[in-house]
>>> print(open('start-v1.csv').read())   # CSV, N, CA, C and O atoms
chain,number,residue,atom,x,y,z
A,235,MET,N,21.2,32.6,-40.5
A,235,MET,CA,20.6,32.6,-41.8
A,235,MET,C,21.7,32.1,-42.8
A,235,MET,O,22.9,32.2,-42.7
A,236,ASN,N,21.2,31.5,-43.8
A,236,ASN,CA,22.0,31.0,-44.9
A,236,ASN,C,22.6,32.2,-45.7
A,236,ASN,O,21.9,33.2,-45.9
A,237,ASP,N,23.8,32.0,-46.2
A,237,ASP,CA,24.4,33.1,-47.0
A,237,ASP,C,23.7,33.4,-48.3
A,237,ASP,O,23.6,34.5,-48.7
A,238,ILE,N,23.1,32.4,-48.9
A,238,ILE,CA,22.4,32.6,-50.1
A,238,ILE,C,21.1,33.4,-49.9
A,238,ILE,O,20.7,34.3,-50.7
A,239,ILE,N,20.4,33.2,-48.8
A,239,ILE,CA,19.2,33.9,-48.5
A,239,ILE,C,19.6,35.4,-48.2
A,239,ILE,O,18.8,36.3,-48.7
A,240,ILE,N,20.7,35.7,-47.5
A,240,ILE,CA,21.1,37.0,-47.3
A,240,ILE,C,21.4,37.7,-48.6
A,240,ILE,O,21.0,38.9,-48.9
A,241,LEU,N,22.1,37.0,-49.5
A,241,LEU,CA,22.4,37.6,-50.8
A,241,LEU,C,21.2,37.8,-51.7
A,241,LEU,O,21.0,38.9,-52.3
A,242,LEU,N,20.2,36.9,-51.6
A,242,LEU,CA,19.0,37.1,-52.3
A,242,LEU,C,18.1,38.3,-51.8
A,242,LEU,O,17.6,39.1,-52.6
A,243,VAL,N,18.1,38.5,-50.5
A,243,VAL,CA,17.4,39.6,-49.9
A,243,VAL,C,18.1,40.9,-50.3
A,243,VAL,O,17.4,41.9,-50.6
A,244,LEU,N,19.4,40.9,-50.3
A,244,LEU,CA,20.2,42.1,-50.7
A,244,LEU,C,19.9,42.4,-52.2
A,244,LEU,O,19.6,43.6,-52.5
A,245,LEU,N,19.9,41.5,-53.1
A,245,LEU,CA,19.6,41.7,-54.5
A,245,LEU,C,18.2,42.1,-54.7
A,245,LEU,O,17.9,42.9,-55.5
A,246,PHE,N,17.2,41.5,-53.9
A,246,PHE,CA,15.8,41.9,-54.1
A,246,PHE,C,15.7,43.4,-53.7
A,246,PHE,O,15.0,44.2,-54.3
A,247,GLY,N,16.3,43.8,-52.6
A,247,GLY,CA,16.2,45.2,-52.1
A,247,GLY,C,16.8,46.2,-53.1
A,247,GLY,O,16.3,47.2,-53.4
A,248,LEU,N,18.0,45.8,-53.7
A,248,LEU,CA,18.6,46.7,-54.7
A,248,LEU,C,17.8,46.7,-56.0
A,248,LEU,O,17.7,47.8,-56.6
A,249,THR,N,17.2,45.6,-56.3
A,249,THR,CA,16.3,45.6,-57.5
A,249,THR,C,15.1,46.5,-57.4
A,249,THR,O,14.8,47.2,-58.3
A,250,LEU,N,14.5,46.5,-56.2
A,250,LEU,CA,13.4,47.4,-55.9
A,250,LEU,C,13.9,48.8,-56.0
A,250,LEU,O,13.1,49.7,-56.5
A,251,GLY,N,15.1,49.1,-55.4
A,251,GLY,CA,15.6,50.5,-55.5
A,251,GLY,C,15.8,50.9,-56.9
A,251,GLY,O,15.5,52.1,-57.3
A,252,VAL,N,16.3,50.1,-57.8
A,252,VAL,CA,16.5,50.4,-59.2
A,252,VAL,C,15.2,50.6,-59.9
A,252,VAL,O,15.0,51.6,-60.6
A,253,ILE,N,14.2,49.8,-59.6
A,253,ILE,CA,12.9,49.9,-60.3
A,253,ILE,C,12.2,51.2,-59.8
A,253,ILE,O,11.7,52.0,-60.6
A,254,ILE,N,12.2,51.5,-58.5
A,254,ILE,CA,11.6,52.7,-58.0
A,254,ILE,C,12.3,54.0,-58.6
A,254,ILE,O,11.6,54.9,-59.0
A,255,SER,N,13.6,54.0,-58.6
A,255,SER,CA,14.3,55.1,-59.1
A,255,SER,C,14.1,55.4,-60.5
A,255,SER,O,13.8,56.5,-61.0
A,256,THR,N,14.1,54.3,-61.3
A,256,THR,CA,13.8,54.5,-62.8
A,256,THR,C,12.4,54.9,-63.0
A,256,THR,O,12.1,55.7,-63.9
A,257,TYR,N,11.4,54.3,-62.3
A,257,TYR,CA,10.0,54.7,-62.4
A,257,TYR,C,9.8,56.2,-62.1
A,257,TYR,O,9.1,56.9,-62.9
A,258,GLN,N,10.4,56.7,-61.0
A,258,GLN,CA,10.2,58.1,-60.7
A,258,GLN,C,10.9,59.0,-61.7
A,258,GLN,O,10.4,60.1,-62.0
A,259,MET,N,12.0,58.5,-62.3
A,259,MET,CA,12.7,59.3,-63.4
A,259,MET,C,11.8,59.4,-64.6
A,259,MET,O,11.7,60.4,-65.2
A,260,ILE,N,11.1,58.3,-65.0
A,260,ILE,CA,10.2,58.3,-66.1
A,260,ILE,C,9.0,59.1,-65.9
A,260,ILE,O,8.4,59.8,-66.7
A,261,ARG,N,8.5,59.0,-64.6
A,261,ARG,CA,7.2,59.6,-64.3
A,261,ARG,C,7.2,61.1,-64.3
A,261,ARG,O,6.2,61.8,-64.6
A,262,THR,N,8.3,61.8,-64.0
A,262,THR,CA,8.4,63.2,-63.9
A,262,THR,C,8.3,63.8,-65.3
A,262,THR,O,9.0,63.4,-66.2
A,263,LYS,N,7.3,64.7,-65.5
A,263,LYS,CA,7.0,65.3,-66.8
A,263,LYS,C,7.8,66.6,-67.0
A,263,LYS,O,8.2,66.9,-68.1
A,264,LYS,N,7.9,67.3,-66.0
A,264,LYS,CA,8.6,68.6,-66.1
A,264,LYS,C,10.1,68.4,-66.3
A,264,LYS,O,10.6,67.2,-66.3
A,265,GLN,N,10.9,69.4,-66.4
A,265,GLN,CA,12.3,69.4,-66.5
A,265,GLN,C,13.0,68.7,-65.3
A,265,GLN,O,12.7,69.0,-64.2
A,266,ARG,N,13.8,67.7,-65.6
A,266,ARG,CA,14.4,66.9,-64.5
A,266,ARG,C,15.6,67.6,-64.0
A,266,ARG,O,16.5,68.0,-64.8
A,267,PRO,N,15.7,67.7,-62.7
A,267,PRO,CA,17.0,68.3,-62.1
A,267,PRO,C,18.2,67.4,-62.3
A,267,PRO,O,18.0,66.2,-62.4
A,268,PHE,N,19.3,68.0,-62.4
A,268,PHE,CA,20.6,67.2,-62.6
A,268,PHE,C,20.8,66.2,-61.6
A,268,PHE,O,21.2,65.0,-61.9
A,269,PRO,N,20.6,66.4,-60.3
A,269,PRO,CA,20.9,65.4,-59.3
A,269,PRO,C,20.0,64.2,-59.4
A,269,PRO,O,20.3,63.0,-59.1
A,270,PHE,N,18.8,64.4,-59.9
A,270,PHE,CA,17.8,63.3,-60.2
A,270,PHE,C,18.3,62.4,-61.3
A,270,PHE,O,18.3,61.2,-61.1
A,271,ILE,N,18.9,63.0,-62.3
A,271,ILE,CA,19.4,62.2,-63.4
A,271,ILE,C,20.7,61.5,-62.9
A,271,ILE,O,20.9,60.3,-63.2
A,272,LEU,N,21.5,62.2,-62.2
A,272,LEU,CA,22.8,61.6,-61.7
A,272,LEU,C,22.5,60.4,-60.8
A,272,LEU,O,23.2,59.4,-60.9
A,273,ASN,N,21.6,60.5,-59.8
A,273,ASN,CA,21.4,59.4,-58.9
A,273,ASN,C,20.8,58.2,-59.6
A,273,ASN,O,21.0,57.1,-59.3
A,274,THR,N,20.0,58.4,-60.7
A,274,THR,CA,19.4,57.3,-61.4
A,274,THR,C,20.5,56.6,-62.2
A,274,THR,O,20.6,55.4,-62.2
A,275,VAL,N,21.5,57.4,-62.7
A,275,VAL,CA,22.6,56.7,-63.4
A,275,VAL,C,23.5,56.0,-62.4
A,275,VAL,O,23.9,54.9,-62.7
A,276,LEU,N,23.7,56.6,-61.3
A,276,LEU,CA,24.5,55.9,-60.2
A,276,LEU,C,23.8,54.6,-59.8
A,276,LEU,O,24.5,53.5,-59.6
A,277,VAL,N,22.5,54.6,-59.6
A,277,VAL,CA,21.8,53.4,-59.1
A,277,VAL,C,21.9,52.3,-60.1
A,277,VAL,O,22.2,51.2,-59.8
A,278,VAL,N,21.6,52.7,-61.4
A,278,VAL,CA,21.5,51.6,-62.4
A,278,VAL,C,22.9,51.1,-62.7
A,278,VAL,O,23.1,49.9,-62.8
A,279,SER,N,23.9,52.0,-62.8
A,279,SER,CA,25.3,51.5,-63.1
A,279,SER,C,25.9,50.7,-61.9
A,279,SER,O,26.6,49.7,-62.1
A,280,GLY,N,25.6,51.1,-60.7
A,280,GLY,CA,26.0,50.4,-59.5
A,280,GLY,C,25.4,49.0,-59.5
A,280,GLY,O,26.1,48.0,-59.1
A,281,TYR,N,24.1,48.9,-59.8
A,281,TYR,CA,23.4,47.6,-59.8
A,281,TYR,C,24.0,46.7,-60.9
A,281,TYR,O,24.2,45.5,-60.6
A,282,THR,N,24.3,47.3,-62.0
A,282,THR,CA,24.8,46.5,-63.1
A,282,THR,C,26.2,46.0,-62.7
A,282,THR,O,26.5,44.8,-63.0
A,283,LEU,N,27.1,46.8,-62.1
A,283,LEU,CA,28.4,46.4,-61.7
A,283,LEU,C,28.3,45.3,-60.6
A,283,LEU,O,29.0,44.3,-60.7
A,284,LEU,N,27.4,45.5,-59.7
A,284,LEU,CA,27.2,44.5,-58.6
A,284,LEU,C,26.8,43.1,-59.1
A,284,LEU,O,27.4,42.1,-58.9
A,285,VAL,N,25.7,43.1,-59.9
A,285,VAL,CA,25.2,41.9,-60.4
A,285,VAL,C,26.1,41.2,-61.4
A,285,VAL,O,26.3,40.0,-61.4
A,286,GLY,N,26.7,42.0,-62.3
A,286,GLY,CA,27.7,41.5,-63.3
A,286,GLY,C,28.9,40.9,-62.6
A,286,GLY,O,29.4,39.8,-63.0
A,287,SER,N,29.4,41.5,-61.6
A,287,SER,CA,30.6,41.0,-60.9
A,287,SER,C,30.2,39.7,-60.1
A,287,SER,O,31.1,38.8,-60.0
A,288,LEU,N,29.0,39.7,-59.6
A,288,LEU,CA,28.6,38.5,-58.8
A,288,LEU,C,28.4,37.3,-59.8
A,288,LEU,O,28.6,36.1,-59.5
A,289,MET,N,27.8,37.6,-61.0
A,289,MET,CA,27.5,36.5,-61.9
A,289,MET,C,28.7,36.1,-62.7
A,289,MET,O,28.9,34.9,-63.0
A,290,LEU,N,29.4,37.0,-63.2
A,290,LEU,CA,30.5,36.7,-64.2
A,290,LEU,C,31.9,36.7,-63.7
A,290,LEU,O,32.8,36.3,-64.3
A,291,GLY,N,32.1,37.4,-62.5
A,291,GLY,CA,33.4,37.6,-62.0
A,291,GLY,C,34.0,36.4,-61.3
A,291,GLY,O,33.3,35.4,-60.9
A,292,TYR,N,35.3,36.4,-61.0
A,292,TYR,CA,36.0,35.3,-60.4
A,292,TYR,C,37.1,35.9,-59.5
A,292,TYR,O,37.9,36.7,-60.0
A,293,GLY,N,37.2,35.6,-58.3
A,293,GLY,CA,38.3,36.0,-57.5
A,293,GLY,C,38.1,37.3,-56.8
A,293,GLY,O,37.1,37.8,-56.7
A,294,TRP,N,39.3,37.9,-56.3
A,294,TRP,CA,39.3,39.1,-55.6
A,294,TRP,C,38.9,40.3,-56.5
A,294,TRP,O,38.3,41.3,-56.0
A,295,GLY,N,39.2,40.2,-57.7
A,295,GLY,CA,38.8,41.3,-58.6
A,295,GLY,C,37.3,41.5,-58.7
A,295,GLY,O,36.8,42.6,-58.8
A,296,ALA,N,36.6,40.4,-58.8
A,296,ALA,CA,35.2,40.4,-58.8
A,296,ALA,C,34.6,41.0,-57.5
A,296,ALA,O,33.6,41.7,-57.5
A,297,LEU,N,35.2,40.6,-56.4
A,297,LEU,CA,34.8,41.1,-55.1
A,297,LEU,C,35.0,42.6,-55.1
A,297,LEU,O,34.1,43.4,-54.6
A,298,TRP,N,36.1,43.1,-55.6
A,298,TRP,CA,36.3,44.6,-55.6
A,298,TRP,C,35.2,45.3,-56.4
A,298,TRP,O,34.7,46.3,-56.0
A,299,TRP,N,34.9,44.8,-57.6
A,299,TRP,CA,33.9,45.4,-58.4
A,299,TRP,C,32.5,45.3,-57.8
A,299,TRP,O,31.7,46.2,-58.0
A,300,ALA,N,32.2,44.2,-57.1
A,300,ALA,CA,31.0,44.1,-56.3
A,300,ALA,C,30.9,45.1,-55.3
A,300,ALA,O,29.8,45.8,-55.1
A,301,VAL,N,31.9,45.4,-54.6
A,301,VAL,CA,31.9,46.4,-53.5
A,301,VAL,C,31.8,47.8,-54.1
A,301,VAL,O,31.0,48.6,-53.6
A,302,VAL,N,32.4,48.1,-55.2
A,302,VAL,CA,32.3,49.4,-55.9
A,302,VAL,C,30.8,49.5,-56.4
A,302,VAL,O,30.2,50.6,-56.2
A,303,GLY,N,30.3,48.5,-57.0
A,303,GLY,CA,28.9,48.6,-57.5
A,303,GLY,C,27.9,48.8,-56.3
A,303,GLY,O,27.0,49.6,-56.4
A,304,LEU,N,28.1,48.1,-55.2
A,304,LEU,CA,27.2,48.3,-54.1
A,304,LEU,C,27.4,49.7,-53.5
A,304,LEU,O,26.3,50.3,-53.2
A,305,ALA,N,28.6,50.2,-53.4
A,305,ALA,CA,28.7,51.6,-52.9
A,305,ALA,C,28.1,52.6,-53.8
A,305,ALA,O,27.4,53.5,-53.4
A,306,MET,N,28.2,52.4,-55.2
A,306,MET,CA,27.5,53.3,-56.1
A,306,MET,C,26.0,53.2,-56.0
A,306,MET,O,25.3,54.2,-56.0
A,307,ASN,N,25.5,52.0,-55.8
A,307,ASN,CA,24.1,51.8,-55.7
A,307,ASN,C,23.5,52.5,-54.5
A,307,ASN,O,22.5,53.2,-54.5
A,308,VAL,N,24.2,52.2,-53.3
A,308,VAL,CA,23.7,52.8,-52.1
A,308,VAL,C,23.8,54.3,-52.1
A,308,VAL,O,22.9,55.0,-51.6
A,309,PHE,N,24.9,54.8,-52.6
A,309,PHE,CA,25.1,56.3,-52.7
A,309,PHE,C,24.0,56.9,-53.6
A,309,PHE,O,23.4,58.0,-53.2
A,310,GLY,N,23.7,56.3,-54.7
A,310,GLY,CA,22.7,56.8,-55.6
A,310,GLY,C,21.3,56.7,-54.9
A,310,GLY,O,20.5,57.7,-55.1
A,311,LEU,N,21.0,55.7,-54.1
A,311,LEU,CA,19.7,55.6,-53.4
A,311,LEU,C,19.6,56.7,-52.4
A,311,LEU,O,18.5,57.3,-52.2
A,312,ILE,N,20.7,57.0,-51.6
A,312,ILE,CA,20.7,58.0,-50.6
A,312,ILE,C,20.5,59.4,-51.3
A,312,ILE,O,19.7,60.2,-50.8
A,313,VAL,N,21.2,59.7,-52.3
A,313,VAL,CA,21.0,60.9,-53.0
A,313,VAL,C,19.6,61.0,-53.6
A,313,VAL,O,18.9,62.1,-53.5
A,314,HIS,N,19.0,59.9,-54.1
A,314,HIS,CA,17.6,59.9,-54.6
A,314,HIS,C,16.7,60.3,-53.5
A,314,HIS,O,15.7,61.1,-53.7
A,315,LEU,N,16.8,59.7,-52.3
A,315,LEU,CA,16.0,60.0,-51.2
A,315,LEU,C,16.1,61.5,-50.8
A,315,LEU,O,15.1,62.2,-50.5
A,316,PHE,N,17.3,62.1,-50.8
A,316,PHE,CA,17.5,63.5,-50.4
A,316,PHE,C,16.8,64.4,-51.5
A,316,PHE,O,16.2,65.4,-51.1
A,317,VAL,N,16.9,64.0,-52.7
A,317,VAL,CA,16.3,64.8,-53.8
A,317,VAL,C,14.8,64.8,-53.6
A,317,VAL,O,14.1,65.8,-53.8
A,318,ILE,N,14.2,63.6,-53.3
A,318,ILE,CA,12.8,63.6,-53.2
A,318,ILE,C,12.3,64.4,-52.0
A,318,ILE,O,11.3,65.1,-52.0
A,319,ILE,N,13.0,64.2,-50.8
A,319,ILE,CA,12.7,65.0,-49.6
A,319,ILE,C,12.8,66.5,-49.9
A,319,ILE,O,11.9,67.3,-49.5
A,320,TYR,N,13.9,66.9,-50.6
A,320,TYR,CA,14.0,68.3,-50.9
A,320,TYR,C,12.9,68.8,-51.8
A,320,TYR,O,12.4,69.9,-51.5
A,321,ASN,N,12.5,68.1,-52.8
A,321,ASN,CA,11.4,68.5,-53.6
A,321,ASN,C,10.1,68.6,-52.9
A,321,ASN,O,9.3,69.5,-53.1
A,322,LEU,N,9.8,67.7,-51.9
A,322,LEU,CA,8.6,67.7,-51.1
A,322,LEU,C,8.6,68.9,-50.2
A,322,LEU,O,7.6,69.6,-50.1
A,323,LEU,N,9.8,69.2,-49.6
A,323,LEU,CA,9.9,70.4,-48.7
A,323,LEU,C,9.7,71.7,-49.5
A,323,LEU,O,9.1,72.7,-49.1
A,324,LEU,N,10.3,71.7,-50.7
A,324,LEU,CA,10.2,72.9,-51.6
A,324,LEU,C,8.7,73.1,-52.0
A,324,LEU,O,8.2,74.3,-52.0
A,325,LYS,N,8.0,72.0,-52.3
A,325,LYS,CA,6.6,72.1,-52.7
A,325,LYS,C,5.8,72.6,-51.5
A,325,LYS,O,4.9,73.5,-51.7
A,326,LYS,N,6.1,72.1,-50.3
A,326,LYS,CA,5.3,72.5,-49.1
A,326,LYS,C,5.6,74.0,-48.8
A,326,LYS,O,4.7,74.7,-48.4
A,327,ARG,N,6.8,74.5,-49.1
A,327,ARG,CA,7.1,75.9,-48.8
A,327,ARG,C,6.4,76.8,-49.8
A,327,ARG,O,6.0,77.9,-49.4
A,328,ARG,N,6.3,76.4,-51.0
A,328,ARG,CA,5.6,77.2,-52.1
A,328,ARG,C,4.1,77.3,-51.7
A,328,ARG,O,3.5,78.3,-52.0
A,329,VAL,N,3.5,76.2,-51.2
A,329,VAL,CA,2.1,76.2,-50.8
A,329,VAL,C,1.9,77.2,-49.7
A,329,VAL,O,0.9,78.0,-49.7
A,330,ARG,N,2.7,77.3,-48.8
A,330,ARG,CA,2.6,78.2,-47.6
A,330,ARG,C,2.7,79.7,-48.1
A,330,ARG,O,2.1,80.6,-47.5
A,331,SER,N,3.5,80.0,-49.0
A,331,SER,CA,3.8,81.4,-49.5
A,331,SER,C,2.6,82.0,-50.2
A,331,SER,O,1.9,81.4,-50.8
>>> encode(input="start-v1.csv", output="structure tokens")
Amino acid sequence: MNDIIILLVLLFGLTLGVIISTYQMIRTKKQRPFPFILNTVLVVSGYTLLVGSLMLGYGWGALWWAVVGLAMNVFGLIVHLFVIIYNLLLKKRRVRS
């Protein structure tokens, strides 16, 4: 595969992650738990670092910031999934009781 296609697929996936994370953050009406806010901030700031360093950066410094942004984004998405699974399991447990 071409390198540009791989980069575009990566950016498309990360963009979808940012959109879904932000949408779920806005959709919740009740009090938002702290990990939910934290992972949304991680996802958005990591995405901003990644895209900003790829667009505006130059050299090894830009590569370093791209790696940091990607790590923050992926960590935020993983935490986001764990928070969603935890809330679903907690809701299922309340229904049984």
>>> closest_residue(input="start-v1.csv", among="A:Asn236, A:Asn307, A:Thr256, A:Asn321", to="A:Ser279", atoms="all atoms listed in the file")
A:Asn307
>>> atom_distance(input="start-v1.csv", atom1="atom CA of A:Thr274", atom2="atom O of A:Gly295")
22.9 Å
>>> atom_distance(input="start-v1.csv", atom1="atom CA of A:Leu272", atom2="atom N of A:Ile312")
11.3 Å
>>> closest_residue(input="start-v1.csv", among="A:Gly293, A:Val308, A:Asn273, A:Trp299", to="A:Thr249", atoms="only C-alpha atoms")
A:Val308
>>> closest_residue(input="start-v1.csv", among="A:Leu276, A:Ile238, A:Leu288, A:Ile319", to="A:Ala305", atoms="all atoms listed in the file")
A:Leu276
>>> closest_residue(input="start-v1.csv", among="A:Ile239, A:Ile318, A:Lys264, A:Val277", to="A:Val252", atoms="only N, CA, C and O atoms")
A:Val277
>>> atom_distance(input="start-v1.csv", atom1="atom CA of A:Gly303", atom2="atom CA of A:Leu283")
4.8 Å
>>> closest_residue(input="start-v1.csv", among="A:Leu241, A:Val275, A:Leu284, A:Leu250", to="A:Leu304", atoms="only N, CA, C and O atoms")
A:Leu284
>>> closest_residue(input="start-v1.csv", among="A:Ser255, A:Trp294, A:Met289, A:Leu323", to="A:Gly310", atoms="all atoms listed in the file")
A:Ser255
